[in-house]
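Novice: Data file coords_20.json (JSON, C-alpha atoms) is appended below.
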[["chain", "number", "residue", "atom", "x", "y", "z"],
["A", 1, "MET", "CA", 12.60, -3.17, 16.52],
["A", 2, "GLY", "CA", 9.25, -3.75, 14.79],
["A", 3, "LEU", "CA", 9.80, -0.76, 12.61],
["A", 4, "ASN", "CA", 13.16, -2.15, 11.52],
["A", 5, "ILE", "CA", 11.56, -5.33, 10.24],
["A", 6, "TYR", "CA", 9.22, -3.31, 8.04],
["A", 7, "LYS", "CA", 12.09, -1.13, 6.92],
["A", 8, "GLN", "CA", 14.19, -4.09, 5.76],
["A", 9, "PHE", "CA", 11.32, -5.60, 3.85],
["A", 10, "LEU", "CA", 10.29, -2.29, 2.32],
["A", 11, "ASP", "CA", 13.87, -1.39, 1.44],
["A", 12, "GLN", "CA", 14.19, -4.62, -0.55],
["A", 13, "LYS", "CA", 11.00, -3.77, -2.41],
["A", 14, "VAL", "CA", 12.00, -0.21, -3.14],
["A", 15, "ARG", "CA", 15.35, -1.40, -4.38],
["A", 16, "SER", "CA", 13.61, -3.68, -6.90],
["A", 17, "LEU", "CA", 11.39, -0.77, -7.88],
["A", 18, "SER", "CA", 14.43, 1.46, -8.42],
["A", 19, "GLU", "CA", 16.08, -1.20, -10.57],
["A", 20, "GLU", "CA", 12.93, -1.53, -12.67],
["A", 21, "ILE", "CA", 12.74, 2.22, -13.17],
["A", 22, "ASP", "CA", 16.41, 2.43, -14.11],
["A", 23, "LYS", "CA", 16.07, -0.39, -16.65],
["A", 24, "LEU", "CA", 13.00, 1.23, -18.16],
["A", 25, "CYS", "CA", 14.78, 4.58, -18.51],
["A", 26, "GLU", "CA", 17.82, 2.92, -20.06],
["A", 27, "ARG", "CA", 15.64, 1.03, -22.54],
["A", 28, "ARG", "CA", 13.78, 4.17, -23.57],
["A", 29, "ARG", "CA", 17.02, 6.05, -24.03],
["A", 30, "GLN", "CA", 18.57, 3.27, -26.10],
["A", 31, "GLN", "CA", 15.47, 2.93, -28.25],
["A", 32, "GLY", "CA", 15.26, 6.68, -28.60],
["A", 33, "LYS", "CA", 11.53, 6.93, -28.46],
["A", 34, "ALA", "CA", 9.32, 7.58, -25.49],
["A", 35, "PRO", "CA", 5.70, 8.60, -25.07],
["A", 36, "SER", "CA", 6.85, 11.99, -23.88],
["A", 37, "PHE", "CA", 10.10, 13.80, -23.15],
["A", 38, "GLY", "CA", 9.67, 13.39, -19.42],
["A", 39, "LYS", "CA", 9.82, 9.61, -19.68],
["A", 40, "TYR", "CA", 13.54, 9.67, -20.44],
["A", 41, "TYR", "CA", 14.39, 10.82, -16.93],
["A", 42, "HIS", "CA", 14.56, 9.05, -13.61],
["A", 43, "PRO", "CA", 12.25, 10.28, -10.89],
["A", 44, "ALA", "CA", 14.39, 11.74, -8.11],
["A", 45, "ILE", "CA", 13.05, 9.47, -5.36],
["A", 46, "ALA", "CA", 11.19, 6.17, -4.99],
["A", 47, "VAL", "CA", 9.50, 4.88, -1.84],
["A", 48, "SER", "CA", 7.42, 1.88, -0.84],
["A", 49, "CYS", "CA", 5.00, 1.52, 2.05],
["A", 50, "CYS", "CA", 2.94, -1.09, 3.87],
["A", 51, "THR", "CA", 0.82, -1.49, 6.97],
["A", 52, "SER", "CA", 1.49, -3.73, 9.95],
["A", 53, "SER", "CA", -1.53, -5.91, 9.14],
["A", 54, "SER", "CA", -0.57, -6.69, 5.53],
["A", 55, "VAL", "CA", 3.18, -6.61, 5.27],
["A", 56, "GLY", "CA", 3.25, -8.65, 2.05],
["A", 57, "LYS", "CA", 1.30, -6.02, 0.17],
["A", 58, "ILE", "CA", 3.05, -2.80, -0.63],
["A", 59, "GLY", "CA", 2.26, 0.54, -2.12],
["A", 60, "LYS", "CA", 4.86, 2.10, -4.41],
["A", 61, "GLY", "CA", 5.40, 5.67, -5.35],
["A", 62, "VAL", "CA", 7.89, 7.95, -7.05],
["A", 63, "ALA", "CA", 8.32, 11.70, -6.89],
["A", 64, "CYS", "CA", 6.34, 13.33, -9.65],
["A", 65, "GLU", "CA", 4.48, 16.47, -10.46],
["A", 66, "PRO", "CA", 1.61, 17.00, -8.03],
["A", 67, "ARG", "CA", -1.80, 16.63, -9.61],
["A", 68, "ILE", "CA", -4.89, 16.62, -7.48],
["A", 69, "SER", "CA", -6.72, 14.33, -9.91],
["A", 70, "VAL", "CA", -4.43, 11.38, -9.20],
["A", 71, "TYR", "CA", -4.97, 11.45, -5.45],
["A", 72, "HIS", "CA", -7.44, 9.42, -3.41],
["A", 73, "CYS", "CA", -9.73, 11.81, -1.52],
["A", 74, "LYS", "CA", -8.38, 10.51, 1.81],
["A", 75, "ILE", "CA", -4.82, 11.50, 0.92],
["A", 76, "ALA", "CA", -5.90, 14.82, -0.58],
["A", 77, "ASN", "CA", -7.83, 15.68, 2.59],
["A", 78, "LEU", "CA", -5.01, 14.54, 4.86],
["A", 79, "LEU", "CA", -2.47, 16.66, 2.99],
["A", 80, "LYS", "CA", -4.73, 19.69, 3.10],
["A", 81, "ARG", "CA", -5.43, 19.26, 6.81],
["A", 82, "LYS", "CA", -1.80, 18.74, 7.78],
["A", 83, "LEU", "CA", -0.13, 21.17, 5.42],
["A", 84, "GLY", "CA", -2.75, 23.89, 5.14],
["A", 85, "ASN", "CA", -2.97, 24.14, 1.36],
["A", 86, "VAL", "CA", -4.16, 22.24, -1.66],
["A", 87, "ILE", "CA", -2.09, 19.76, -3.64],
["A", 88, "GLY", "CA", 0.45, 21.57, -5.80],
["A", 89, "GLY", "CA", 0.64, 24.58, -3.48],
["A", 90, "LYS", "CA", 3.20, 25.47, -0.83],
["A", 91, "SER", "CA", 2.51, 24.41, 2.71],
["A", 92, "THR", "CA", 1.38, 27.17, 5.04],
["A", 93, "LYS", "CA", 2.30, 25.09, 8.08],
["A", 94, "THR", "CA", 5.85, 24.00, 7.24],
["A", 95, "ASN", "CA", 8.88, 25.58, 5.59],
["A", 96, "CYS", "CA", 9.31, 22.73, 3.13],
["A", 97, "CYS", "CA", 10.36, 23.87, -0.33],
["A", 98, "TYR", "CA", 8.53, 21.10, -2.11],
["A", 99, "PRO", "CA", 4.99, 21.55, -3.39],
["A", 100, "ILE", "CA", 2.39, 19.55, -1.53],
["A", 101, "GLY", "CA", 1.85, 16.10, -3.03],
["A", 102, "GLN", "CA", 5.04, 15.99, -5.05],
["A", 103, "CYS", "CA", 7.08, 13.63, -2.87],
["A", 104, "ALA", "CA", 7.21, 9.90, -3.37],
["A", 105, "GLU", "CA", 5.66, 9.24, 0.07],
["A", 106, "PRO", "CA", 2.15, 10.58, -0.60],
["A", 107, "HIS", "CA", 2.23, 8.89, -4.01],
["A", 108, "ALA", "CA", 3.10, 5.57, -2.36],
["A", 109, "ALA", "CA", 0.35, 6.08, 0.23],
["A", 110, "ASN", "CA", -2.04, 6.93, -2.57],
["A", 111, "ASN", "CA", -1.04, 3.79, -4.46],
["A", 112, "TYR", "CA", -1.66, 1.72, -1.33],
["A", 113, "LEU", "CA", -5.12, 3.15, -0.82],
["A", 114, "LYS", "CA", -6.14, 2.83, -4.45],
["A", 115, "VAL", "CA", -4.71, -0.61, -5.15],
["A", 116, "ILE", "CA", -4.60, -2.48, -1.85],
["A", 117, "ASN", "CA", -6.82, -1.15, 0.88],
["A", 118, "PRO", "CA", -8.85, 2.07, 0.92],
["A", 119, "TYR", "CA", -9.99, 1.56, 4.53],
["A", 120, "ILE", "CA", -6.71, 2.22, 6.34],
["A", 121, "ASN", "CA", -5.84, 5.46, 8.06],
["A", 122, "PRO", "CA", -2.94, 6.75, 5.95],
["A", 123, "GLU", "CA", -1.76, 9.10, 8.65],
["A", 124, "THR", "CA", -1.07, 6.45, 11.27],
["A", 125, "ASP", "CA", -1.09, 3.02, 9.62],
["A", 126, "LEU", "CA", 1.55, 3.26, 6.95],
["A", 127, "PHE", "CA", 5.24, 2.41, 7.33],
["A", 128, "PHE", "CA", 7.64, 3.76, 4.72],
["A", 129, "SER", "CA", 10.88, 2.48, 3.25],
["A", 130, "THR", "CA", 14.08, 4.46, 3.16],
["A", 131, "PRO", "CA", 13.84, 6.88, 0.21],
["A", 132, "TYR", "CA", 15.82, 5.44, -2.71],
["A", 133, "ARG", "CA", 17.26, 7.16, -5.71],
["A", 134, "PRO", "CA", 16.41, 5.21, -8.88],
["A", 135, "ARG", "CA", 19.49, 6.47, -10.76],
["A", 136, "THR", "CA", 21.84, 4.90, -8.22],
["A", 137, "LYS", "CA", 19.49, 2.14, -7.08],
["A", 138, "GLY", "CA", 20.39, 2.90, -3.49],
["A", 139, "PRO", "CA", 19.50, 5.11, -0.56],
["A", 140, "ILE", "CA", 20.21, 8.77, -0.95],
["A", 141, "LYS", "CA", 23.78, 9.60, -0.07],
["A", 142, "VAL", "CA", 24.47, 12.87, 1.62],
["A", 143, "PHE", "CA", 26.80, 14.23, 4.23],
["A", 144, "LYS", "CA", 24.05, 14.00, 6.80],
["A", 145, "VAL", "CA", 21.38, 11.35, 6.92],
["A", 146, "PHE", "CA", 18.68, 12.31, 4.49],
["A", 147, "PRO", "CA", 15.43, 12.61, 6.34],
["A", 148, "TYR", "CA", 11.98, 12.60, 4.96],
["A", 149, "CYS", "CA", 11.05, 16.13, 3.99],
["A", 150, "GLU", "CA", 9.22, 18.40, 6.38],
["A", 151, "ASN", "CA", 5.91, 17.97, 4.60],
["A", 152, "CYS", "CA", 6.09, 14.18, 4.78],
["A", 153, "ARG", "CA", 7.14, 14.22, 8.43],
["A", 154, "SER", "CA", 4.18, 16.43, 9.26],
["A", 155, "THR", "CA", 1.74, 14.28, 7.30],
["A", 156, "PHE", "CA", 2.62, 10.69, 8.16],
["A", 157, "LEU", "CA", 3.17, 9.57, 11.73],
["A", 158, "ASN", "CA", 5.70, 6.84, 10.83],
["A", 159, "CYS", "CA", 7.65, 9.01, 8.42],
["A", 160, "ARG", "CA", 10.24, 10.12, 10.95],
["B", 1, "MET", "CA", 10.60, 24.63, -24.09],
["B", 2, "LYS", "CA", 11.77, 24.85, -20.49],
["B", 3, "PHE", "CA", 11.33, 22.06, -17.99],
["B", 4, "ARG", "CA", 8.44, 22.84, -15.69],
["B", 5, "SER", "CA", 9.70, 23.73, -12.22],
["B", 6, "SER", "CA", 7.66, 20.95, -10.64],
["B", 7, "PHE", "CA", 9.25, 18.51, -13.09],
["B", 8, "LEU", "CA", 12.73, 19.75, -12.15],
["B", 9, "LEU", "CA", 11.99, 19.33, -8.46],
["B", 10, "SER", "CA", 10.75, 15.78, -8.85],
["B", 11, "HIS", "CA", 13.19, 14.36, -11.42],
["B", 12, "ASP", "CA", 16.84, 13.50, -11.74],
["B", 13, "ILE", "CA", 17.61, 15.40, -14.94],
["B", 14, "ASP", "CA", 20.72, 14.73, -17.00],
["B", 15, "TRP", "CA", 21.93, 18.06, -18.26],
["B", 16, "PHE", "CA", 24.91, 18.84, -20.46],
["B", 17, "CYS", "CA", 27.14, 21.73, -21.35],
["B", 18, "ARG", "CA", 30.77, 22.45, -21.96],
["B", 19, "ILE", "CA", 33.17, 24.63, -20.04],
["B", 20, "ASP", "CA", 36.50, 25.53, -21.63],
["B", 21, "ASN", "CA", 35.92, 22.73, -24.11],
["B", 22, "ILE", "CA", 35.34, 20.22, -21.36],
["B", 23, "PRO", "CA", 32.09, 18.34, -21.84],
["B", 24, "ILE", "CA", 30.09, 18.34, -18.63],
["B", 25, "HIS", "CA", 27.30, 16.05, -17.52],
["B", 26, "GLY", "CA", 25.29, 16.87, -14.42],
["B", 27, "ALA", "CA", 22.71, 14.79, -12.57],
["B", 28, "SER", "CA", 20.29, 17.28, -11.05],
["B", 29, "PHE", "CA", 18.68, 15.00, -8.44],
["B", 30, "GLY", "CA", 15.65, 17.23, -7.99],
["B", 31, "GLY", "CA", 17.63, 20.47, -8.02],
["B", 32, "ASN", "CA", 17.95, 23.41, -10.36],
["B", 33, "ILE", "CA", 19.82, 23.19, -13.62],
["B", 34, "PRO", "CA", 21.68, 25.91, -15.54],
["B", 35, "VAL", "CA", 19.49, 28.37, -17.41],
["B", 36, "ARG", "CA", 21.06, 27.50, -20.72],
["B", 37, "ALA", "CA", 20.54, 23.81, -20.14],
["B", 38, "ASN", "CA", 16.92, 24.32, -19.24],
["B", 39, "ASP", "CA", 15.61, 23.30, -22.62],
["B", 40, "GLU", "CA", 13.72, 20.06, -22.61],
["B", 41, "LYS", "CA", 13.97, 19.25, -26.29],
["B", 42, "ARG", "CA", 17.66, 20.10, -26.60],
["B", 43, "MET", "CA", 18.61, 18.14, -23.51],
["B", 44, "VAL", "CA", 16.69, 15.09, -24.70],
["B", 45, "ASP", "CA", 18.28, 15.36, -28.17],
["B", 46, "ILE", "CA", 21.75, 15.51, -26.61],
["B", 47, "LEU", "CA", 20.96, 12.65, -24.23],
["B", 48, "LEU", "CA", 19.75, 10.40, -27.04],
["B", 49, "ASN", "CA", 22.76, 11.28, -29.18],
["B", 50, "ILE", "CA", 25.07, 10.35, -26.33],
["B", 51, "TYR", "CA", 23.42, 6.96, -26.18],
["B", 52, "LYS", "CA", 24.41, 6.51, -29.80],
["B", 53, "LEU", "CA", 28.09, 7.20, -29.01],
["B", 54, "SER", "CA", 30.29, 4.21, -28.41],
["B", 55, "GLU", "CA", 32.49, 3.90, -25.35],
["B", 56, "ASN", "CA", 35.89, 5.47, -25.65],
["B", 57, "GLN", "CA", 38.27, 2.55, -25.54],
["B", 58, "GLU", "CA", 41.37, 4.56, -24.77],
["B", 59, "GLY", "CA", 42.42, 5.92, -21.43],
["B", 60, "ASP", "CA", 41.24, 5.21, -17.95],
["B", 61, "ILE", "CA", 38.44, 6.67, -15.92],
["B", 62, "TYR", "CA", 39.10, 8.84, -12.91],
["B", 63, "ILE", "CA", 36.84, 8.23, -9.96],
["B", 64, "ASN", "CA", 36.58, 10.80, -7.22],
["B", 65, "GLU", "CA", 37.17, 8.46, -4.29],
["B", 66, "ASN", "CA", 37.23, 11.31, -1.79],
["B", 67, "TYR", "CA", 33.69, 12.21, -2.67],
["B", 68, "LEU", "CA", 32.50, 8.61, -2.53],
["B", 69, "THR", "CA", 34.03, 8.25, 0.92],
["B", 70, "SER", "CA", 32.60, 11.53, 2.15],
["B", 71, "ILE", "CA", 29.04, 10.53, 1.29],
["B", 72, "GLY", "CA", 29.51, 7.05, 2.72],
["B", 73, "ILE", "CA", 29.20, 4.82, -0.31],
["B", 74, "GLU", "CA", 29.64, 1.24, 0.88],
["B", 75, "LYS", "CA", 31.51, -1.36, -1.17],
["B", 76, "ASP", "CA", 28.36, -3.18, -2.19],
["B", 77, "GLU", "CA", 26.69, 0.05, -3.29],
["B", 78, "ARG", "CA", 29.62, 1.31, -5.30],
["B", 79, "ASP", "CA", 28.87, -0.25, -8.68],
["B", 80, "ASP", "CA", 25.22, 0.77, -8.59],
["B", 81, "TYR", "CA", 26.06, 4.30, -7.55],
["B", 82, "LEU", "CA", 28.74, 4.74, -10.19],
["B", 83, "SER", "CA", 27.06, 3.07, -13.15],
["B", 84, "SER", "CA", 25.25, 6.12, -14.48],
["B", 85, "PHE", "CA", 28.23, 8.46, -14.00],
["B", 86, "LEU", "CA", 30.65, 5.98, -15.56],
["B", 87, "PHE", "CA", 28.40, 5.68, -18.58],
["B", 88, "PHE", "CA", 28.88, 9.37, -19.33],
["B", 89, "ALA", "CA", 32.55, 9.43, -18.33],
["B", 90, "LYS", "CA", 33.26, 6.59, -20.75],
["B", 91, "ARG", "CA", 31.78, 8.76, -23.47],
["B", 92, "GLY", "CA", 34.05, 11.68, -22.68],
["B", 93, "PHE", "CA", 32.04, 13.66, -20.14],
["B", 94, "TYR", "CA", 33.11, 14.96, -16.78],
["B", 95, "SER", "CA", 30.22, 13.60, -14.82],
["B", 96, "TYR", "CA", 28.91, 15.49, -11.78],
["B", 97, "ASP", "CA", 26.33, 14.68, -9.17],
["B", 98, "ARG", "CA", 24.36, 17.23, -7.21],
["B", 99, "VAL", "CA", 25.47, 17.33, -3.62],
["B", 100, "VAL", "CA", 22.89, 17.37, -0.89],
["B", 101, "THR", "CA", 24.82, 18.70, 2.04],
["B", 102, "HIS", "CA", 22.18, 19.51, 4.53],
["B", 103, "GLU", "CA", 19.02, 17.97, 5.79],
["B", 104, "ASP", "CA", 17.02, 20.91, 4.51],
["B", 105, "GLY", "CA", 19.49, 21.53, 1.75],
["B", 106, "MET", "CA", 16.86, 22.16, -0.82],
["B", 107, "LEU", "CA", 15.01, 24.98, 0.87],
["B", 108, "ASP", "CA", 16.77, 27.54, -1.22],
["B", 109, "LEU", "CA", 17.48, 25.50, -4.27],
["B", 110, "ASP", "CA", 19.58, 27.96, -6.16],
["B", 111, "LYS", "CA", 21.90, 29.02, -3.36],
["B", 112, "LYS", "CA", 22.49, 25.53, -2.08],
["B", 113, "THR", "CA", 22.90, 23.75, -5.38],
["B", 114, "GLU", "CA", 26.40, 22.39, -5.66],
["B", 115, "TYR", "CA", 27.87, 19.67, -7.78],
["B", 116, "ALA", "CA", 30.73, 17.29, -7.14],
["B", 117, "LEU", "CA", 32.76, 15.46, -9.74],
["B", 118, "VAL", "CA", 32.11, 11.73, -9.63],
["B", 119, "ALA", "CA", 33.86, 10.37, -12.70],
["B", 120, "ALA", "CA", 35.84, 11.72, -15.63],
["B", 121, "PRO", "CA", 37.90, 10.44, -18.55],
["B", 122, "MET", "CA", 41.65, 10.47, -18.01],
["B", 123, "ASN", "CA", 42.70, 10.79, -21.63],
["B", 124, "ASN", "CA", 43.60, 14.24, -22.86],
["B", 125, "GLY", "CA", 42.05, 14.06, -26.25],
["B", 126, "ILE", "CA", 38.33, 14.60, -26.26],
["B", 127, "ASP", "CA", 36.31, 12.88, -28.91],
["B", 128, "LYS", "CA", 35.16, 15.38, -31.52],
["B", 129, "ASP", "CA", 31.87, 13.55, -31.81],
["B", 130, "ILE", "CA", 30.97, 14.96, -28.43],
["B", 131, "PHE", "CA", 31.36, 18.55, -29.58],
["B", 132, "SER", "CA", 29.21, 17.87, -32.57],
["B", 133, "ILE", "CA", 26.35, 17.05, -30.23],
["B", 134, "LEU", "CA", 27.08, 19.90, -27.82],
["B", 135, "PRO", "CA", 26.82, 22.89, -30.09],
["B", 136, "PHE", "CA", 24.79, 25.07, -27.84],
["B", 137, "TYR", "CA", 27.29, 26.56, -25.42],
["B", 138, "PRO", "CA", 29.59, 29.08, -27.01],
["B", 139, "LYS", "CA", 30.09, 30.81, -23.68],
["B", 140, "ILE", "CA", 30.39, 29.53, -20.17],
["B", 141, "ASP", "CA", 27.23, 29.75, -18.19],
["B", 142, "ASN", "CA", 27.78, 31.81, -15.04],
["B", 143, "TRP", "CA", 25.53, 29.58, -13.05],
["B", 144, "VAL", "CA", 27.60, 26.55, -13.96],
["B", 145, "LYS", "CA", 30.79, 28.45, -13.17],
["B", 146, "GLN", "CA", 29.58, 29.14, -9.67],
["B", 147, "LYS", "CA", 28.19, 25.71, -8.92],
["B", 148, "ILE", "CA", 30.90, 23.50, -10.27],
["B", 149, "PRO", "CA", 34.19, 23.64, -8.37],
["B", 150, "LYS", "CA", 36.83, 24.84, -10.79],
["B", 151, "GLN", "CA", 39.75, 23.01, -9.26],
["B", 152, "LEU", "CA", 38.20, 19.70, -10.14],
["B", 153, "PHE", "CA", 38.76, 20.29, -13.83],
["B", 154, "SER", "CA", 42.45, 19.74, -13.45],
["B", 155, "ILE", "CA", 42.52, 16.18, -12.36],
["B", 156, "GLU", "CA", 45.80, 15.17, -10.91],
["B", 157, "ARG", "CA", 46.99, 11.97, -12.37],
["B", 158, "GLN", "CA", 48.88, 11.03, -9.27],
["B", 159, "ASN", "CA", 47.15, 9.73, -6.20],
["B", 160, "CYS", "CA", 43.90, 8.97, -7.90],
["B", 161, "ASN", "CA", 42.23, 5.67, -8.38],
["B", 162, "MET", "CA", 41.59, 4.66, -11.90],
["B", 163, "LEU", "CA", 39.06, 2.23, -13.15],
["B", 164, "PRO", "CA", 40.68, -0.26, -15.52],
["B", 165, "ARG", "CA", 39.17, -0.28, -18.97],
["B", 166, "ASN", "CA", 38.43, -3.97, -19.00],
["B", 167, "ARG", "CA", 35.94, -3.58, -16.22]]
I need this file expressed as structure tokens, please.
Specialist:
Amino acid sequence: MGLNIYKQFLDQKVRSLSEEIDKLCERRRQQGKAPSFGKYYHPAIAVSCCTSSSVGKIGKGVACEPRISVYHCKIANLLKRKLGNVIGGKSTKTNCCYPIGQCAEPHAANNYLKVINPYINPETDLFFSTPYRPRTKGPIKVFKVFPYCENCRSTFLNCR
Amino acid sequence: MKFRSSFLLSHDIDWFCRIDNIPIHGASFGGNIPVRANDEKRMVDILLNIYKLSENQEGDIYINENYLTSIGIEKDERDDYLSSFLFFAKRGFYSYDRVVTHEDGMLDLDKKTEYALVAAPMNNGIDKDIFSILPFYPKIDNWVKQKIPKQLFSIERQNCNMLPRNR
């Protein structure tokens, strides 16, 4: 029940984030100039996160190329410990096809730590929204319910 | 220059090609894209040129209701889901979305990449402007042939829901 309350709140936030991203992409495409080619495209997934103690404050993240330099040391260490490899590599502990640190979830957790509170335990304290797809401004639609990926499920306790 | 593989995996790329003179748009949603379409500069050039095209005012738009139902699009989500695909369909493209059919459907990206038609123009005549911005595909890409269901190219005009133009 408690988790559902966070989910509803976070889903609203991630929906707004998806709308913002979509508008930005549209504007760049209409104007025909962007800082780099990559900026014309939607990220595949967007996610928001919060903790139980500060529900009003959220971390936001989108799927993007994994770079170790953008990560808070706590997240980098957590990912390495849980997934057995460095950011950008393949996990040695799961069969997930995604490189470590690419998903929106660790980026959202990273954003939370860097912007809101660096003292939380990212493994246990963070609650995540449903993953949204910025192109469609809605949850991911598939024939089965889209879960968090194996890497994210192994890393974050509430990502299940 | 090709898209970096990590960029492909993390972004929802719009890629374009033509098959049998049918202009195709695909939304990759973090999946692989055809080899021939894997050219960052070309794809961006095409994308920006499409944004310069005006909407085709003639003919209706076919919407693949079966697909929308199968993935559980609710009424209130419909407009948001369709907006991007309708944009391309209104400019003459058969617009496809990548289908995620399985919870670990991306483990083997190439084998499990499939696309489903979401929206397409109903008019027979295809705007020549589109071909002038899609000059790069003299032959059909085998990858595209395998991934895009052929039967969907012949859209039956009966029993399909059309989106009125004034919408």
Novice: Skipping near chain neighbours, those fewer than 2 positions away, what residues fall within 12 Å of Asn121 in chain A using all atoms listed in the file, listed as a count of residues only?
Specialist: 23
Novice: Have a look at CA of Asp45 in chain B and CA of Pro134 in chain A and let me know their distance in Å, one decimal.
Specialist: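 So the two atoms, CA of Asp45 in chain B and CA of Pro134 in chain A, lie 21.9 Å apart.
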Novice: Give me the chain A side of the contact with chain B, cut-off 10 Å, one line per residue showing its nearest atom pair and distance in Å at one decimal, counting all atoms listed in the file, sorted by chain and residue number, as a Markdown table.
Specialist:
| residue | atom | partner | partner_atom | distance |
| --- | --- | --- | --- | --- |
| A:Glu19 | CA | B:Asp80 | CA | 9.6 |
| A:Asp22 | CA | B:Ser84 | CA | 9.6 |
| A:Glu26 | CA | B:Tyr51 | CA | 9.2 |
| A:Arg28 | CA | B:Leu48 | CA | 9.3 |
| A:Arg29 | CA | B:Leu48 | CA | 6.0 |
| A:Gln30 | CA | B:Tyr51 | CA | 6.1 |
| A:Gln31 | CA | B:Leu48 | CA | 8.7 |
| A:Gly32 | CA | B:Leu48 | CA | 6.0 |
| A:Lys33 | CA | B:Leu48 | CA | 9.0 |
| A:Phe37 | CA | B:Val44 | CA | 6.9 |
| A:Gly38 | CA | B:Phe7 | CA | 8.2 |
| A:Tyr40 | CA | B:Val44 | CA | 7.6 |
| A:Tyr41 | CA | B:Ile13 | CA | 5.9 |
| A:His42 | CA | B:Asp12 | CA | 5.3 |
| A:Pro43 | CA | B:His11 | CA | 4.2 |
| A:Ala44 | CA | B:His11 | CA | 4.4 |
| A:Ile45 | CA | B:Ser10 | CA | 7.6 |
| A:Val62 | CA | B:Ser10 | CA | 8.5 |
| A:Ala63 | CA | B:Ser10 | CA | 5.1 |
| A:Cys64 | CA | B:Ser10 | CA | 5.1 |
| A:Glu65 | CA | B:Ser6 | CA | 5.5 |
| A:Pro66 | CA | B:Ser6 | CA | 7.7 |
| A:Gly88 | CA | B:Ser6 | CA | 8.7 |
| A:Asn95 | CA | B:Leu107 | CA | 7.8 |
| A:Cys96 | CA | B:Leu107 | CA | 6.5 |
| A:Cys97 | CA | B:Leu107 | CA | 4.9 |
| A:Tyr98 | CA | B:Leu9 | CA | 7.4 |
| A:Pro99 | CA | B:Ser6 | CA | 7.7 |
| A:Gln102 | CA | B:Ser10 | CA | 6.9 |
| A:Cys103 | CA | B:Ser10 | CA | 7.3 |
| A:Ala104 | CA | B:Ser10 | CA | 8.8 |
| A:Arg133 | CA | B:Phe29 | CA | 8.4 |
| A:Pro134 | CA | B:Asp12 | CA | 8.8 |
| A:Arg135 | CA | B:Ser84 | CA | 6.9 |
| A:Thr136 | CA | B:Tyr81 | CA | 4.3 |
| A:Lys137 | CA | B:Asp80 | CA | 6.1 |
| A:Gly138 | CA | B:Glu77 | CA | 6.9 |
| A:Pro139 | CA | B:Glu77 | CA | 9.2 |
| A:Ile140 | CA | B:Val100 | CA | 9.0 |
| A:Lys141 | CA | B:Ile71 | CA | 5.5 |
| A:Val142 | CA | B:Ile71 | CA | 5.1 |
| A:Phe143 | CA | B:Ile71 | CA | 5.2 |
| A:Lys144 | CA | B:His102 | CA | 6.2 |
| A:Val145 | CA | B:Glu103 | CA | 7.1 |
| A:Phe146 | CA | B:Glu103 | CA | 5.8 |
| A:Pro147 | CA | B:Glu103 | CA | 6.5 |
| A:Tyr148 | CA | B:Glu103 | CA | 8.9 |
| A:Cys149 | CA | B:Asp104 | CA | 7.7 |
| A:Glu150 | CA | B:Asp104 | CA | 8.4 |
Novice: My list of candidates is A:Lys60, A:Arg153, A:Tyr132, A:Arg67. Which is closest to His107 in chain A when distances are computed with only C-alpha atoms?
Specialist: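 Counting only C-alpha atoms, the residue closest to His107 in chain A is A:Lys60.
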Novice: Counting only C-alpha atoms, which residue out of B:Arg42, B:Ala116, B:Asn66, B:Leu53 sits closest to Lys90 in chain B?
Specialist: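 Closest candidate: B:Leu53.
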Novice: One decimal, in Å: what's the spacing between CA of Ser54 in chain B and CA of Glu74 in chain B?
Specialist: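 Value for the CA of Ser54 in chain B-CA of Glu74 in chain B distance: 29.4 Å.
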Novice: Name all residues at most 10 Å from Lys13 in chain A (count only C-alpha atoms; drop same-chain ones fewer than 2 positions away) and give them as a list in words.
Specialist: Lys7, Gln8, Phe9, Leu10, Asp11, Arg15, Ser16, Leu17, Ser18, Glu19, Val47, Ser48, Cys49, Ile58, Gly59, Lys60 and Ser129 of chain A
Novice: Mind pulling up the distance from CA of Met1 in chain B to CA of Asn32 in chain B?
Specialist: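 Interatomic distance, CA of Asn32 in chain B to CA of Met1 in chain B: 15.6 Å.
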Novice: Identify, on the basis of only C-alpha atoms, every residue whose closest approach to Ile130 in chain B does not exceed 12 Å; exclude the query and any residue fewer than 3 positions from it along the same chain; express the result as a PyMOL selection string.
Specialist: chain B and resi 16-18+21-25+46-47+49-56+88-94+125-127+133-136
Novice: Only C-alpha atoms, please: the residues just picked out, written as a compact mmCIF listing (two decimals), in the frame of the given file.
Specialist:
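Heads up, here's the output in out-v7.txt:
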# COMPACT_ATOMS: atom_id res chain seq x y z
CA PHE B 16 24.91 18.84 -20.46
CA CYS B 17 27.14 21.73 -21.35
CA ARG B 18 30.77 22.45 -21.96
CA ASN B 21 35.92 22.73 -24.11
CA ILE B 22 35.34 20.22 -21.36
CA PRO B 23 32.09 18.34 -21.84
CA ILE B 24 30.09 18.34 -18.63
CA HIS B 25 27.30 16.05 -17.52
CA ILE B 46 21.75 15.51 -26.61
CA LEU B 47 20.96 12.65 -24.23
CA ASN B 49 22.76 11.28 -29.18
CA ILE B 50 25.07 10.35 -26.33
CA TYR B 51 23.42 6.96 -26.18
CA LYS B 52 24.41 6.51 -29.80
CA LEU B 53 28.09 7.20 -29.01
CA SER B 54 30.29 4.21 -28.41
CA GLU B 55 32.49 3.90 -25.35
CA ASN B 56 35.89 5.47 -25.65
CA PHE B 88 28.88 9.37 -19.33
CA ALA B 89 32.55 9.43 -18.33
CA LYS B 90 33.26 6.59 -20.75
CA ARG B 91 31.78 8.76 -23.47
CA GLY B 92 34.05 11.68 -22.68
CA PHE B 93 32.04 13.66 -20.14
CA TYR B 94 33.11 14.96 -16.78
CA GLY B 125 42.05 14.06 -26.25
CA ILE B 126 38.33 14.60 -26.26
CA ASP B 127 36.31 12.88 -28.91
CA ILE B 133 26.35 17.05 -30.23
CA LEU B 134 27.08 19.90 -27.82
CA PRO B 135 26.82 22.89 -30.09
CA PHE B 136 24.79 25.07 -27.84
